[in-house]
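Novice: Data: start30.txt, compact mmCIF, C-alpha atoms.
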# COMPACT_ATOMS: atom_id res chain seq x y z
CA MET A 83 -3.98 53.14 21.56
CA ASP A 84 -7.58 53.06 20.32
CA ILE A 85 -8.38 50.19 17.98
CA GLN A 86 -10.54 50.96 14.97
CA THR A 87 -14.04 49.53 15.28
CA ILE A 88 -15.83 47.72 12.49
CA ASP A 89 -19.41 46.57 12.01
CA GLY A 90 -21.62 45.07 9.36
CA PRO A 91 -24.97 43.48 8.48
CA ARG A 92 -26.53 40.82 10.66
CA HIS A 93 -29.04 38.02 10.25
CA GLY A 94 -31.00 35.99 12.82
CA PRO A 95 -31.94 34.38 14.93
CA ALA A 96 -35.70 34.79 14.88
CA GLU A 97 -37.14 37.25 17.37
CA GLY A 98 -37.44 35.75 20.82
CA VAL A 99 -35.05 32.89 20.06
CA PRO A 100 -32.00 32.96 22.35
CA VAL A 101 -28.60 33.11 20.66
CA SER A 102 -26.62 29.93 21.25
CA ARG A 103 -23.95 30.24 18.55
CA LEU A 104 -22.28 32.82 16.33
CA VAL A 105 -21.13 32.68 12.70
CA VAL A 106 -18.85 35.46 11.46
CA PHE A 107 -18.33 35.93 7.71
CA LEU A 108 -15.13 37.61 6.50
CA HIS A 109 -15.40 38.93 2.95
CA GLY A 110 -12.75 39.25 0.28
CA LEU A 111 -10.91 42.19 -1.25
CA GLY A 112 -13.12 44.79 -2.88
CA ALA A 113 -16.37 43.50 -1.37
CA ASP A 114 -18.00 44.37 1.93
CA GLY A 115 -20.08 42.67 4.59
CA ASN A 116 -23.13 42.54 2.35
CA ASP A 117 -21.36 40.06 0.08
CA LEU A 118 -21.47 37.08 2.43
CA ILE A 119 -24.35 37.84 4.79
CA SER A 120 -26.59 36.40 2.06
CA LEU A 121 -25.34 32.98 3.17
CA GLY A 122 -26.94 33.53 6.57
CA PRO A 123 -30.52 32.77 5.47
CA LEU A 124 -29.28 29.65 3.66
CA LEU A 125 -27.51 28.29 6.74
CA ALA A 126 -29.96 29.49 9.39
CA PRO A 127 -32.43 26.57 9.06
CA LEU A 128 -29.58 24.17 9.79
CA LEU A 129 -28.38 26.08 12.85
CA PRO A 130 -31.28 27.28 15.01
CA GLY A 131 -30.37 29.98 17.47
CA THR A 132 -27.45 31.23 15.39
CA ALA A 133 -26.54 34.89 15.02
CA PHE A 134 -24.83 35.65 11.70
CA VAL A 135 -22.73 38.78 11.20
CA SER A 136 -20.56 39.96 8.31
CA PRO A 137 -18.36 42.94 9.23
CA HIS A 138 -17.08 45.39 6.65
CA ALA A 139 -13.29 45.24 6.46
CA PRO A 140 -11.64 48.28 8.07
CA PHE A 141 -10.04 49.95 5.04
CA PRO A 142 -11.27 51.28 1.69
CA CYS A 143 -10.14 49.11 -1.21
CA ASP A 144 -7.12 50.70 -2.91
CA MET A 145 -7.55 48.69 -6.10
CA ALA A 146 -11.17 49.55 -6.90
CA PRO A 147 -13.44 52.58 -6.63
CA MET A 148 -15.70 50.76 -4.18
CA GLY A 149 -15.50 48.05 -1.55
CA ARG A 150 -13.31 47.38 1.44
CA GLN A 151 -10.11 45.51 2.21
CA TRP A 152 -8.50 43.94 5.26
CA PHE A 153 -5.12 44.94 3.85
CA SER A 154 -3.66 46.08 0.55
CA LEU A 155 -2.72 43.57 -2.11
CA GLN A 156 -0.92 46.02 -4.36
CA ASP A 157 2.22 44.37 -3.02
CA TYR A 158 1.54 40.62 -3.24
CA SER A 159 4.76 39.60 -1.53
CA PRO A 160 4.40 37.30 1.50
CA ALA A 161 6.08 39.89 3.73
CA ALA A 162 3.66 42.63 2.71
CA MET A 163 0.61 40.42 3.10
CA HIS A 164 1.81 39.27 6.51
CA ALA A 165 2.34 42.86 7.64
CA GLY A 166 -1.17 43.69 6.48
CA ALA A 167 -2.70 40.75 8.31
CA VAL A 168 -0.81 41.65 11.48
CA THR A 169 -2.17 45.20 11.29
CA ALA A 170 -5.78 44.11 10.72
CA THR A 171 -5.87 41.29 13.26
CA PRO A 172 -6.32 43.44 16.41
CA ILE A 173 -9.25 45.18 14.67
CA LEU A 174 -10.83 41.84 13.83
CA ASN A 175 -10.18 40.40 17.28
CA ALA A 176 -11.78 43.42 18.96
CA PHE A 177 -14.86 42.89 16.81
CA LEU A 178 -15.01 39.16 17.59
CA ASP A 179 -14.61 39.78 21.31
CA ALA A 180 -17.36 42.41 21.25
CA GLU A 181 -19.75 40.12 19.35
CA LEU A 182 -19.13 37.24 21.75
CA ALA A 183 -19.73 39.55 24.71
CA ARG A 184 -22.88 40.93 23.07
CA HIS A 185 -24.40 37.46 22.99
CA GLY A 186 -22.80 36.04 26.13
CA LEU A 187 -20.96 33.38 24.15
CA LYS A 188 -17.49 31.83 24.22
CA ASP A 189 -15.04 31.22 21.38
CA GLU A 190 -16.04 27.59 21.19
CA GLN A 191 -19.55 28.73 20.21
CA MET A 192 -18.25 30.76 17.26
CA ALA A 193 -17.38 29.81 13.68
CA LEU A 194 -15.40 31.93 11.23
CA ILE A 195 -16.18 31.64 7.52
CA GLY A 196 -13.82 33.45 5.17
CA PHE A 197 -13.66 34.00 1.44
CA SER A 198 -10.40 34.87 -0.36
CA GLN A 199 -8.70 37.60 1.68
CA GLY A 200 -11.25 36.91 4.40
CA THR A 201 -9.90 33.36 4.58
CA MET A 202 -6.38 34.75 4.97
CA MET A 203 -7.60 36.87 7.88
CA ALA A 204 -9.58 34.06 9.46
CA LEU A 205 -6.59 31.73 9.41
CA HIS A 206 -4.18 34.35 10.67
CA ALA A 207 -6.40 35.53 13.53
CA ALA A 208 -8.07 32.31 14.66
CA LEU A 209 -4.84 30.33 15.03
CA ARG A 210 -3.45 33.05 17.29
CA ARG A 211 -6.47 33.74 19.52
CA PRO A 212 -6.16 32.66 23.17
CA ARG A 213 -9.07 30.21 22.86
CA PRO A 214 -10.00 28.11 19.82
CA SER A 215 -13.15 28.79 17.84
CA ALA A 216 -15.55 25.93 17.15
CA LEU A 217 -14.27 25.77 13.59
CA LEU A 218 -12.98 27.78 10.67
CA VAL A 219 -14.17 27.46 7.06
CA GLY A 220 -12.03 29.02 4.35
CA PHE A 221 -13.10 29.41 0.73
CA SER A 222 -10.59 30.27 -2.01
CA GLY A 223 -7.92 31.60 0.34
CA ALA A 224 -4.40 31.04 1.58
CA LEU A 225 -2.32 30.80 4.73
CA VAL A 226 -0.06 33.85 4.96
CA ARG A 227 3.57 33.09 5.82
CA PRO A 228 2.99 29.43 6.81
CA GLU A 229 6.61 29.12 7.94
CA LEU A 230 5.82 31.40 10.90
CA LEU A 231 3.00 29.26 12.20
CA ALA A 232 5.13 26.92 14.29
CA GLU A 233 6.28 29.80 16.50
CA GLU A 234 2.98 31.69 16.57
CA VAL A 235 0.16 29.13 16.73
CA VAL A 236 -1.86 29.30 19.94
CA SER A 237 -5.20 27.69 19.09
CA ARG A 238 -6.00 24.74 16.87
CA PRO A 239 -9.65 24.84 15.79
CA PRO A 240 -10.81 22.40 13.12
CA VAL A 241 -10.20 23.97 9.70
CA PHE A 242 -12.13 23.21 6.52
CA LEU A 243 -10.69 24.51 3.25
CA ILE A 244 -12.53 24.69 -0.09
CA HIS A 245 -10.89 25.87 -3.32
CA GLY A 246 -11.69 25.72 -7.02
CA ASP A 247 -8.96 24.22 -9.16
CA ALA A 248 -9.64 26.84 -11.88
CA ASP A 249 -9.23 29.82 -9.53
CA PRO A 250 -7.55 32.67 -11.47
CA VAL A 251 -7.22 34.95 -8.43
CA VAL A 252 -5.81 32.90 -5.55
CA PRO A 253 -3.82 29.99 -7.01
CA PHE A 254 -5.33 26.58 -6.34
CA PRO A 255 -2.02 25.19 -4.92
CA ALA A 256 -2.45 27.61 -2.00
CA MET A 257 -4.94 25.16 -0.51
CA ALA A 258 -2.46 22.29 -0.46
CA ALA A 259 0.22 24.56 0.99
CA ALA A 260 -2.12 25.66 3.78
CA GLU A 261 -3.25 22.11 4.45
CA SER A 262 0.35 20.90 4.72
CA ALA A 263 1.37 23.67 7.10
CA LEU A 264 -1.69 23.19 9.28
CA ARG A 265 -1.12 19.44 9.56
CA ALA A 266 2.55 20.01 10.37
CA ASN A 267 1.43 22.18 13.28
CA GLN A 268 -1.19 19.74 14.58
CA VAL A 269 -4.16 21.77 13.37
CA PRO A 270 -6.97 19.42 12.28
CA VAL A 271 -7.78 20.18 8.67
CA GLN A 272 -9.86 18.83 5.82
CA ALA A 273 -9.63 20.16 2.26
CA LEU A 274 -12.07 19.95 -0.62
CA ALA A 275 -11.01 20.67 -4.21
CA ARG A 276 -13.76 21.79 -6.57
CA PRO A 277 -13.06 20.75 -10.19
CA GLY A 278 -13.61 23.51 -12.71
CA LEU A 279 -14.58 26.14 -10.15
CA GLY A 280 -13.04 29.59 -10.39
CA HIS A 281 -12.85 32.17 -7.62
CA GLY A 282 -16.17 31.53 -5.95
CA ILE A 283 -18.42 29.35 -3.82
CA ASP A 284 -20.49 26.58 -5.38
CA GLN A 285 -23.26 24.37 -4.03
CA GLU A 286 -20.95 21.44 -3.23
CA GLY A 287 -18.56 23.67 -1.31
CA LEU A 288 -21.41 25.24 0.62
CA GLU A 289 -22.79 21.82 1.52
CA PHE A 290 -19.34 20.76 2.72
CA ALA A 291 -19.20 23.86 4.93
CA ALA A 292 -22.74 23.30 6.18
CA ALA A 293 -21.92 19.75 7.23
CA ALA A 294 -18.90 21.00 9.17
CA LEU A 295 -21.00 23.66 10.87
CA ARG A 296 -23.66 21.13 11.83
CA GLN A 297 -21.04 18.87 13.36
CA TYR A 298 -18.91 21.38 15.23
CA LEU A 299 -21.12 24.38 15.88
CA THR A 300 -23.87 22.87 18.00
CA ALA A 301 -25.01 23.36 21.57
CA ASP A 302 -23.34 20.07 22.50
CA ALA A 303 -20.35 20.48 20.19
CA ASP A 304 -17.97 19.66 23.03
CA ALA A 305 -19.51 16.20 23.11
CA VAL A 306 -18.79 15.54 19.44
CA SER A 307 -15.99 13.07 18.96
CA ASP A 308 -12.90 13.95 16.97
CA GLY A 309 -12.83 10.44 15.59
CA ASP A 310 -12.96 9.18 12.05
CA GLY A 311 -16.45 10.34 11.13
CA PRO A 312 -17.07 11.47 7.54
CA SER A 313 -16.98 15.16 8.48
CA SER A 314 -14.01 15.00 10.81
CA PRO A 315 -10.83 16.78 9.71
Re-express the file's structure as structure tokens.
Specialist:
Amino acid sequence: MDIQTIDGPRHGPAEGVPVSRLVVFLHGLGADGNDLISLGPLLAPLLPGTAFVSPHAPFPCDMAPMGRQWFSLQDYSPAAMHAGAVTATPILNAFLDAELARHGLKDEQMALIGFSQGTMMALHAALRRPRPSALLVGFSGALVRPELLAEEVVSRPPVFLIHGDADPVVPFPAMAAAESALRANQVPVQALARPGLGHGIDQEGLEFAAAALRQYLTADADAVSDGDGPSSP
């Protein structure tokens, strides 16, 4: 069966600079790839040789006149969200595999950065890929059906979660629930609560993500210790 292909805007690296790492942004419900690619120019100076890409989710948003979605949220039940993530994951994985092949990179040279529903997709897909990514950063998201993780987890990349405690869209306790489930399944995780922040990304959260990227998404990332450093999950 043919798998739907997706694509989206790209940024960097500078012309003539070889690509040594890949950052993939996964946007939230009702947005598209243009929403997060704007973070590429902000992060690029910290990560020379990085290709940034932000694919448009595969389906038109069914809750707004514009935008895209990875899956419908008209039914917010865990079973419905899980079914949606399962459907979208092969599409996302095909895109990730194609991007890695395009640049001649491996999973350990790739980071996933998700926001909201994009975080849900990043967590669902990355923990089930055959090889672990360098790291996963999730803003304002959730782990779908955490009770299934024990039977389905394949890879355990470092995970960094950021969530505003005033989020009116994805409840703030979702971060603690995800953190608990990840730790229970031996996935290294670090979580950052942002006081007063709603459903968004602030400067402190972005700096937290940037520090994680600098530590884990480098040419010699395999030489970085998993010890008790300040940025270690």
Novice: Using all atoms listed in the file, which of the listed residues (A:Met202, A:Ala260, A:Leu155, A:Ala193) sits closest to Pro214 in chain A?
Specialist: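 Among A:Met202, A:Ala260, A:Leu155, A:Ala193, it is A:Ala193 that comes nearest to Pro214 in chain A.
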Novice: Got a sec: who's within 8 Å of range 218-232 of chain A, counting only C-alpha atoms, leaving out chain neighbours fewer than 6 positions off, as a PyMOL selection string?
Specialist: chain A and resi 160-161+163-164+193-202+204-206+208+239-246+249+252+254+256-257+259-260+263+267+281-283+291
Novice: Quick check, in Å to one decimal: how far apart do CA of Leu182 in chain A and CA of Arg103 in chain A lie?
Specialist: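 The value is 9.1 Å.
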Novice: Give me, please, the distance in Å between CA of His93 in chain A and CA of Ala113 in chain A, quoted to one decimal.
Specialist: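 Result for CA of His93 in chain A versus CA of Ala113 in chain A: 18.0 Å, one decimal.
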Novice: Could you check how far CA of Ala292 in chain A sits from CA of Leu125 in chain A, in Å to one decimal?
Specialist: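 Going from CA of Ala292 in chain A over to CA of Leu125 in chain A, I get 6.9 Å.
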Novice: For Ser102 in chain A, which residue among A:Leu288, A:Ala165, A:Leu129, A:Leu217 is the nearest when counting all atoms listed in the file?
Specialist: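 Of A:Leu288, A:Ala165, A:Leu129, A:Leu217, the one nearest Ser102 in chain A, counting all atoms listed in the file, is A:Leu129.
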Novice: Within 8 Å of Ile88 in chain A, counting only C-alpha atoms, which residues show up once you throw out same-chain ones fewer than 2 positions away? Write them as a VMD selection string, please.
Specialist: chain A and resid 86 90 137 to 140 173 to 174 177
Novice: Point out the residue among A:Glu233, A:Arg213, A:Leu124, A:Thr87 with the least atom-to-atom distance to Ala170 in chain A, counting all atoms listed in the file.
Specialist: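 Comparing A:Glu233, A:Arg213, A:Leu124, A:Thr87 against Ala170 in chain A, the winner is A:Thr87.
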Novice: For each of A:His109, A:Met192, A:Gly122, A:Gln151, take the minimum atom-to-atom distance to Thr300 in chain A, counting all atoms listed in the file, then give the residue where this is smallest.
Specialist: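 Smallest separation from Thr300 in chain A among the options: A:Met192.
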Novice: Select from range 158-246 of chain A every residue with an atom at most 9 Å from any atom of range 94-101 of chain A, then for each give the shortest pair of atoms and their distance in Å to one decimal, using all atoms listed in the file, rows by chain and rising number, as a tab-separated table.
Specialist:
residue	atom	partner	partner_atom	distance
A:His185	CA	A:Val101	CA	6.5
A:Gly186	CA	A:Val101	CA	8.5
A:Leu187	CA	A:Val101	CA	8.4
Novice: May I ask which of the residues A:Leu104, A:Tyr298, A:Pro250, A:Leu209 is the closest one to Gln268 in chain A, counting only C-alpha atoms?
Specialist: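 Ranking A:Leu104, A:Tyr298, A:Pro250, A:Leu209 by distance to Gln268 in chain A, first place goes to A:Leu209.
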